[in-house]
Amino acid sequence: VLEGENAIVKNRDVMGATNPANAADGTIRKVHALSIGENSVHGSDAPETAAQEIRYWFSDTEIVG
């Protein structure tokens, strides 16, 4: 779980476009993804989505901070 100022936007910039064919050079998806369906990384698109996804994958005791 990443947090910080503009964390979602910054993380999505590092990940690259969902379609690796459209991702910028040097992004995670451009370098490692096989296809749109196998795009190697996930990042939430909004704080509300992030909160829901974090609750799904982690218990309260696993989150520090």
# chains A, B, ... in the order shown; residues from 1 in each chain; ligands from 1
>>> residues_around(residues="Arg29 (chain A)", least_positions_apart="3", cutoff="8 Å", atoms="only C-alpha atoms", output="ChimeraX atom specification")
/A:15-20,23,32-33,39-41
>>> closest_residue(among="A:Ala46, A:Val14, A:Val31, A:Ile63", to="Val1 (chain A)", atoms="only C-alpha atoms")
A:Ile63
>>> closest_residue(among="A:Lys30, A:Asn11, A:Asp60, A:Gly4", to="Ser44 (chain A)", atoms="only C-alpha atoms")
A:Asn11
>>> atom_distance(atom1="CA of His42 (chain A)", atom2="CA of Ile54 (chain A)")
12.1 Å
>>> select_by_dssp(residues="chain A", states="helix (DSSP H, G or I)", output="PyMOL selection string")
chain A and resi 7-15+20-22+28-32+47-57+60-62
>>> write_last_selection(atoms="N, CA and C atoms", output="short mmCIF file (atom, residue, chain, number, x, y, z; two decimals), in the first residue's frame")
data_model
loop_
_atom_site.label_atom_id
_atom_site.label_comp_id
_atom_site.auth_asym_id
_atom_site.auth_seq_id
_atom_site.Cartn_x
_atom_site.Cartn_y
_atom_site.Cartn_z
N ALA A 7 -0.32 10.33 -4.37
CA ALA A 7 0.19 8.96 -4.53
C ALA A 7 -0.47 8.23 -5.69
N ILE A 8 -1.76 8.40 -5.86
CA ILE A 8 -2.46 7.67 -6.93
C ILE A 8 -1.95 8.12 -8.30
N VAL A 9 -1.88 9.41 -8.51
CA VAL A 9 -1.41 9.94 -9.80
C VAL A 9 0.03 9.53 -10.05
N LYS A 10 0.88 9.68 -9.05
CA LYS A 10 2.29 9.34 -9.21
C LYS A 10 2.47 7.85 -9.51
N ASN A 11 1.74 7.02 -8.79
CA ASN A 11 1.85 5.57 -9.00
C ASN A 11 1.36 5.19 -10.39
N ARG A 12 0.26 5.80 -10.83
CA ARG A 12 -0.27 5.48 -12.15
C ARG A 12 0.69 5.94 -13.25
N ASP A 13 1.40 7.03 -13.02
CA ASP A 13 2.42 7.47 -13.98
C ASP A 13 3.54 6.44 -14.11
N VAL A 14 3.95 5.87 -12.99
CA VAL A 14 5.01 4.85 -12.99
C VAL A 14 4.52 3.55 -13.64
N MET A 15 3.24 3.22 -13.41
CA MET A 15 2.68 1.99 -13.97
C MET A 15 2.56 2.07 -15.48
N PRO A 20 -0.34 -2.09 -22.51
CA PRO A 20 1.11 -1.92 -22.58
C PRO A 20 1.60 -1.38 -23.92
N ALA A 21 0.84 -1.60 -24.98
CA ALA A 21 1.22 -1.07 -26.29
C ALA A 21 1.17 0.46 -26.30
N ASN A 22 0.35 1.03 -25.41
CA ASN A 22 0.21 2.49 -25.33
C ASN A 22 1.01 3.10 -24.18
N ILE A 28 6.31 0.46 -15.88
CA ILE A 28 6.22 -0.95 -15.49
C ILE A 28 5.51 -1.76 -16.57
N ARG A 29 4.40 -1.25 -17.05
CA ARG A 29 3.63 -2.00 -18.03
C ARG A 29 4.34 -2.10 -19.38
N LYS A 30 5.03 -1.08 -19.79
CA LYS A 30 5.75 -1.14 -21.07
C LYS A 30 6.86 -2.18 -21.00
N VAL A 31 7.51 -2.27 -19.85
CA VAL A 31 8.65 -3.17 -19.69
C VAL A 31 8.21 -4.60 -19.40
N HIS A 32 7.16 -4.78 -18.57
CA HIS A 32 6.85 -6.12 -18.05
C HIS A 32 5.52 -6.73 -18.48
N PRO A 47 -9.18 7.70 -4.41
CA PRO A 47 -9.06 7.38 -2.98
C PRO A 47 -10.16 6.44 -2.48
N GLU A 48 -11.37 6.62 -2.98
CA GLU A 48 -12.48 5.76 -2.54
C GLU A 48 -12.26 4.32 -3.00
N THR A 49 -11.81 4.15 -4.20
CA THR A 49 -11.51 2.81 -4.72
C THR A 49 -10.36 2.20 -3.94
N ALA A 50 -9.35 3.00 -3.65
CA ALA A 50 -8.20 2.51 -2.89
C ALA A 50 -8.64 2.01 -1.52
N ALA A 51 -9.48 2.77 -0.83
CA ALA A 51 -9.95 2.36 0.49
C ALA A 51 -10.67 1.02 0.43
N GLN A 52 -11.52 0.85 -0.57
CA GLN A 52 -12.26 -0.41 -0.74
C GLN A 52 -11.30 -1.57 -1.03
N GLU A 53 -10.36 -1.36 -1.92
CA GLU A 53 -9.42 -2.42 -2.28
C GLU A 53 -8.49 -2.77 -1.13
N ILE A 54 -8.06 -1.78 -0.37
CA ILE A 54 -7.20 -2.04 0.79
C ILE A 54 -7.96 -2.87 1.81
N ARG A 55 -9.21 -2.52 2.09
CA ARG A 55 -10.02 -3.31 3.04
C ARG A 55 -10.21 -4.75 2.57
N TYR A 56 -10.31 -4.94 1.26
CA TYR A 56 -10.49 -6.29 0.71
C TYR A 56 -9.24 -7.15 0.93
N TRP A 57 -8.07 -6.60 0.69
CA TRP A 57 -6.83 -7.38 0.71
C TRP A 57 -6.12 -7.42 2.05
N ASP A 60 -7.00 -4.69 9.32
CA ASP A 60 -6.57 -3.46 9.98
C ASP A 60 -5.21 -3.62 10.65
N THR A 61 -4.91 -4.82 11.13
CA THR A 61 -3.63 -5.03 11.82
C THR A 61 -2.45 -5.10 10.86
N GLU A 62 -2.71 -5.28 9.58
CA GLU A 62 -1.63 -5.35 8.60
C GLU A 62 -1.22 -3.98 8.06
#
>>> decode(residues="region 6-51 of chain A", atoms="N, CA and C atoms", output="PDB file, in the first residue's frame")
ATOM      1  N   ASN A   6      -0.509  13.032  -3.652  1.00  0.00           N
ATOM      2  CA  ASN A   6      -0.719  12.633  -5.054  1.00  0.00           C
ATOM      3  C   ASN A   6      -0.235  11.213  -5.352  1.00  0.00           C
ATOM      4  N   ALA A   7      -0.325  10.334  -4.372  1.00  0.00           N
ATOM      5  CA  ALA A   7       0.187   8.963  -4.526  1.00  0.00           C
ATOM      6  C   ALA A   7      -0.472   8.227  -5.689  1.00  0.00           C
ATOM      7  N   ILE A   8      -1.763   8.396  -5.865  1.00  0.00           N
ATOM      8  CA  ILE A   8      -2.458   7.672  -6.934  1.00  0.00           C
ATOM      9  C   ILE A   8      -1.948   8.123  -8.297  1.00  0.00           C
ATOM     10  N   VAL A   9      -1.875   9.415  -8.514  1.00  0.00           N
ATOM     11  CA  VAL A   9      -1.414   9.940  -9.803  1.00  0.00           C
ATOM     12  C   VAL A   9       0.035   9.535 -10.055  1.00  0.00           C
ATOM     13  N   LYS A  10       0.876   9.681  -9.049  1.00  0.00           N
ATOM     14  CA  LYS A  10       2.294   9.342  -9.213  1.00  0.00           C
ATOM     15  C   LYS A  10       2.473   7.855  -9.505  1.00  0.00           C
ATOM     16  N   ASN A  11       1.742   7.018  -8.786  1.00  0.00           N
ATOM     17  CA  ASN A  11       1.852   5.575  -9.003  1.00  0.00           C
ATOM     18  C   ASN A  11       1.357   5.195 -10.393  1.00  0.00           C
ATOM     19  N   ARG A  12       0.262   5.797 -10.826  1.00  0.00           N
ATOM     20  CA  ARG A  12      -0.273   5.482 -12.151  1.00  0.00           C
ATOM     21  C   ARG A  12       0.686   5.939 -13.252  1.00  0.00           C
ATOM     22  N   ASP A  13       1.405   7.033 -13.016  1.00  0.00           N
ATOM     23  CA  ASP A  13       2.422   7.472 -13.982  1.00  0.00           C
ATOM     24  C   ASP A  13       3.537   6.440 -14.112  1.00  0.00           C
ATOM     25  N   VAL A  14       3.952   5.865 -12.990  1.00  0.00           N
ATOM     26  CA  VAL A  14       5.014   4.850 -12.995  1.00  0.00           C
ATOM     27  C   VAL A  14       4.524   3.552 -13.636  1.00  0.00           C
ATOM     28  N   MET A  15       3.241   3.216 -13.406  1.00  0.00           N
ATOM     29  CA  MET A  15       2.682   1.987 -13.973  1.00  0.00           C
ATOM     30  C   MET A  15       2.558   2.069 -15.484  1.00  0.00           C
ATOM     31  N   GLY A  16       2.114   3.204 -16.001  1.00  0.00           N
ATOM     32  CA  GLY A  16       1.889   3.350 -17.432  1.00  0.00           C
ATOM     33  C   GLY A  16       0.465   3.015 -17.817  1.00  0.00           C
ATOM     34  N   ALA A  17       0.146   3.214 -19.071  1.00  0.00           N
ATOM     35  CA  ALA A  17      -1.201   2.959 -19.588  1.00  0.00           C
ATOM     36  C   ALA A  17      -1.593   1.498 -19.400  1.00  0.00           C
ATOM     37  N   THR A  18      -2.895   1.255 -19.212  1.00  0.00           N
ATOM     38  CA  THR A  18      -3.394  -0.107 -19.025  1.00  0.00           C
ATOM     39  C   THR A  18      -2.988  -1.013 -20.178  1.00  0.00           C
ATOM     40  N   ASN A  19      -3.077  -0.504 -21.382  1.00  0.00           N
ATOM     41  CA  ASN A  19      -2.633  -1.261 -22.553  1.00  0.00           C
ATOM     42  C   ASN A  19      -1.126  -1.048 -22.704  1.00  0.00           C
ATOM     43  N   PRO A  20      -0.340  -2.087 -22.505  1.00  0.00           N
ATOM     44  CA  PRO A  20       1.112  -1.917 -22.581  1.00  0.00           C
ATOM     45  C   PRO A  20       1.599  -1.384 -23.922  1.00  0.00           C
ATOM     46  N   ALA A  21       0.835  -1.601 -24.980  1.00  0.00           N
ATOM     47  CA  ALA A  21       1.215  -1.066 -26.288  1.00  0.00           C
ATOM     48  C   ALA A  21       1.166   0.459 -26.298  1.00  0.00           C
ATOM     49  N   ASN A  22       0.345   1.034 -25.415  1.00  0.00           N
ATOM     50  CA  ASN A  22       0.207   2.489 -25.332  1.00  0.00           C
ATOM     51  C   ASN A  22       1.005   3.097 -24.184  1.00  0.00           C
ATOM     52  N   ALA A  23       1.659   2.268 -23.394  1.00  0.00           N
ATOM     53  CA  ALA A  23       2.397   2.757 -22.229  1.00  0.00           C
ATOM     54  C   ALA A  23       3.698   3.435 -22.654  1.00  0.00           C
ATOM     55  N   ALA A  24       4.083   4.431 -21.888  1.00  0.00           N
ATOM     56  CA  ALA A  24       5.323   5.157 -22.172  1.00  0.00           C
ATOM     57  C   ALA A  24       6.532   4.267 -21.890  1.00  0.00           C
ATOM     58  N   ASP A  25       7.592   4.488 -22.638  1.00  0.00           N
ATOM     59  CA  ASP A  25       8.839   3.750 -22.417  1.00  0.00           C
ATOM     60  C   ASP A  25       9.290   3.919 -20.971  1.00  0.00           C
ATOM     61  N   GLY A  26       9.771   2.835 -20.384  1.00  0.00           N
ATOM     62  CA  GLY A  26      10.290   2.856 -19.030  1.00  0.00           C
ATOM     63  C   GLY A  26       9.269   2.621 -17.944  1.00  0.00           C
ATOM     64  N   THR A  27       7.973   2.590 -18.292  1.00  0.00           N
ATOM     65  CA  THR A  27       6.956   2.319 -17.281  1.00  0.00           C
ATOM     66  C   THR A  27       6.896   0.816 -17.009  1.00  0.00           C
ATOM     67  N   ILE A  28       6.314   0.461 -15.880  1.00  0.00           N
ATOM     68  CA  ILE A  28       6.219  -0.948 -15.493  1.00  0.00           C
ATOM     69  C   ILE A  28       5.510  -1.757 -16.566  1.00  0.00           C
ATOM     70  N   ARG A  29       4.400  -1.246 -17.048  1.00  0.00           N
ATOM     71  CA  ARG A  29       3.630  -2.005 -18.035  1.00  0.00           C
ATOM     72  C   ARG A  29       4.341  -2.097 -19.377  1.00  0.00           C
ATOM     73  N   LYS A  30       5.032  -1.076 -19.793  1.00  0.00           N
ATOM     74  CA  LYS A  30       5.752  -1.136 -21.066  1.00  0.00           C
ATOM     75  C   LYS A  30       6.858  -2.183 -20.996  1.00  0.00           C
ATOM     76  N   VAL A  31       7.511  -2.267 -19.846  1.00  0.00           N
ATOM     77  CA  VAL A  31       8.647  -3.172 -19.690  1.00  0.00           C
ATOM     78  C   VAL A  31       8.208  -4.603 -19.396  1.00  0.00           C
ATOM     79  N   HIS A  32       7.158  -4.783 -18.573  1.00  0.00           N
ATOM     80  CA  HIS A  32       6.853  -6.115 -18.051  1.00  0.00           C
ATOM     81  C   HIS A  32       5.522  -6.725 -18.482  1.00  0.00           C
ATOM     82  N   ALA A  33       4.572  -5.928 -18.949  1.00  0.00           N
ATOM     83  CA  ALA A  33       3.239  -6.457 -19.235  1.00  0.00           C
ATOM     84  C   ALA A  33       3.208  -7.257 -20.531  1.00  0.00           C
ATOM     85  N   LEU A  34       2.349  -8.265 -20.546  1.00  0.00           N
ATOM     86  CA  LEU A  34       2.177  -9.109 -21.724  1.00  0.00           C
ATOM     87  C   LEU A  34       0.997  -8.672 -22.581  1.00  0.00           C
ATOM     88  N   SER A  35      -0.041  -8.127 -21.938  1.00  0.00           N
ATOM     89  CA  SER A  35      -1.261  -7.737 -22.644  1.00  0.00           C
ATOM     90  C   SER A  35      -2.091  -6.858 -21.717  1.00  0.00           C
ATOM     91  N   ILE A  36      -3.223  -6.376 -22.217  1.00  0.00           N
ATOM     92  CA  ILE A  36      -4.118  -5.606 -21.353  1.00  0.00           C
ATOM     93  C   ILE A  36      -4.571  -6.466 -20.178  1.00  0.00           C
ATOM     94  N   GLY A  37      -4.913  -7.702 -20.431  1.00  0.00           N
ATOM     95  CA  GLY A  37      -5.380  -8.603 -19.380  1.00  0.00           C
ATOM     96  C   GLY A  37      -4.292  -9.054 -18.432  1.00  0.00           C
ATOM     97  N   GLU A  38      -3.075  -9.065 -18.910  1.00  0.00           N
ATOM     98  CA  GLU A  38      -1.925  -9.455 -18.083  1.00  0.00           C
ATOM     99  C   GLU A  38      -0.956  -8.273 -18.046  1.00  0.00           C
ATOM    100  N   ASN A  39      -1.423  -7.192 -17.398  1.00  0.00           N
ATOM    101  CA  ASN A  39      -0.645  -5.964 -17.445  1.00  0.00           C
ATOM    102  C   ASN A  39       0.272  -5.758 -16.250  1.00  0.00           C
ATOM    103  N   SER A  40       0.484  -6.781 -15.473  1.00  0.00           N
ATOM    104  CA  SER A  40       1.531  -6.918 -14.452  1.00  0.00           C
ATOM    105  C   SER A  40       1.389  -6.089 -13.193  1.00  0.00           C
ATOM    106  N   VAL A  41       0.492  -5.131 -13.136  1.00  0.00           N
ATOM    107  CA  VAL A  41       0.405  -4.292 -11.939  1.00  0.00           C
ATOM    108  C   VAL A  41      -0.988  -3.679 -11.842  1.00  0.00           C
ATOM    109  N   HIS A  42      -1.421  -3.421 -10.613  1.00  0.00           N
ATOM    110  CA  HIS A  42      -2.711  -2.769 -10.400  1.00  0.00           C
ATOM    111  C   HIS A  42      -2.512  -1.548  -9.526  1.00  0.00           C
ATOM    112  N   GLY A  43      -3.248  -0.522  -9.818  1.00  0.00           N
ATOM    113  CA  GLY A  43      -3.274   0.669  -8.982  1.00  0.00           C
ATOM    114  C   GLY A  43      -4.676   1.234  -8.955  1.00  0.00           C
ATOM    115  N   SER A  44      -5.099   1.653  -7.793  1.00  0.00           N
ATOM    116  CA  SER A  44      -6.427   2.242  -7.654  1.00  0.00           C
ATOM    117  C   SER A  44      -6.514   3.534  -8.448  1.00  0.00           C
ATOM    118  N   ASP A  45      -7.737   3.860  -8.879  1.00  0.00           N
ATOM    119  CA  ASP A  45      -7.929   5.068  -9.678  1.00  0.00           C
ATOM    120  C   ASP A  45      -8.452   6.255  -8.884  1.00  0.00           C
ATOM    121  N   ALA A  46      -8.812   6.039  -7.617  1.00  0.00           N
ATOM    122  CA  ALA A  46      -9.347   7.114  -6.783  1.00  0.00           C
ATOM    123  C   ALA A  46      -9.197   6.724  -5.312  1.00  0.00           C
ATOM    124  N   PRO A  47      -9.184   7.701  -4.412  1.00  0.00           N
ATOM    125  CA  PRO A  47      -9.062   7.384  -2.984  1.00  0.00           C
ATOM    126  C   PRO A  47     -10.156   6.442  -2.483  1.00  0.00           C
ATOM    127  N   GLU A  48     -11.371   6.620  -2.980  1.00  0.00           N
ATOM    128  CA  GLU A  48     -12.478   5.759  -2.543  1.00  0.00           C
ATOM    129  C   GLU A  48     -12.262   4.319  -2.996  1.00  0.00           C
ATOM    130  N   THR A  49     -11.809   4.148  -4.203  1.00  0.00           N
ATOM    131  CA  THR A  49     -11.507   2.813  -4.717  1.00  0.00           C
ATOM    132  C   THR A  49     -10.358   2.199  -3.936  1.00  0.00           C
ATOM    133  N   ALA A  50      -9.348   2.996  -3.651  1.00  0.00           N
ATOM    134  CA  ALA A  50      -8.201   2.507  -2.890  1.00  0.00           C
ATOM    135  C   ALA A  50      -8.638   2.008  -1.519  1.00  0.00           C
ATOM    136  N   ALA A  51      -9.480   2.768  -0.833  1.00  0.00           N
ATOM    137  CA  ALA A  51      -9.945   2.358   0.494  1.00  0.00           C
ATOM    138  C   ALA A  51     -10.673   1.023   0.426  1.00  0.00           C
TER     139      ALA A  51
END
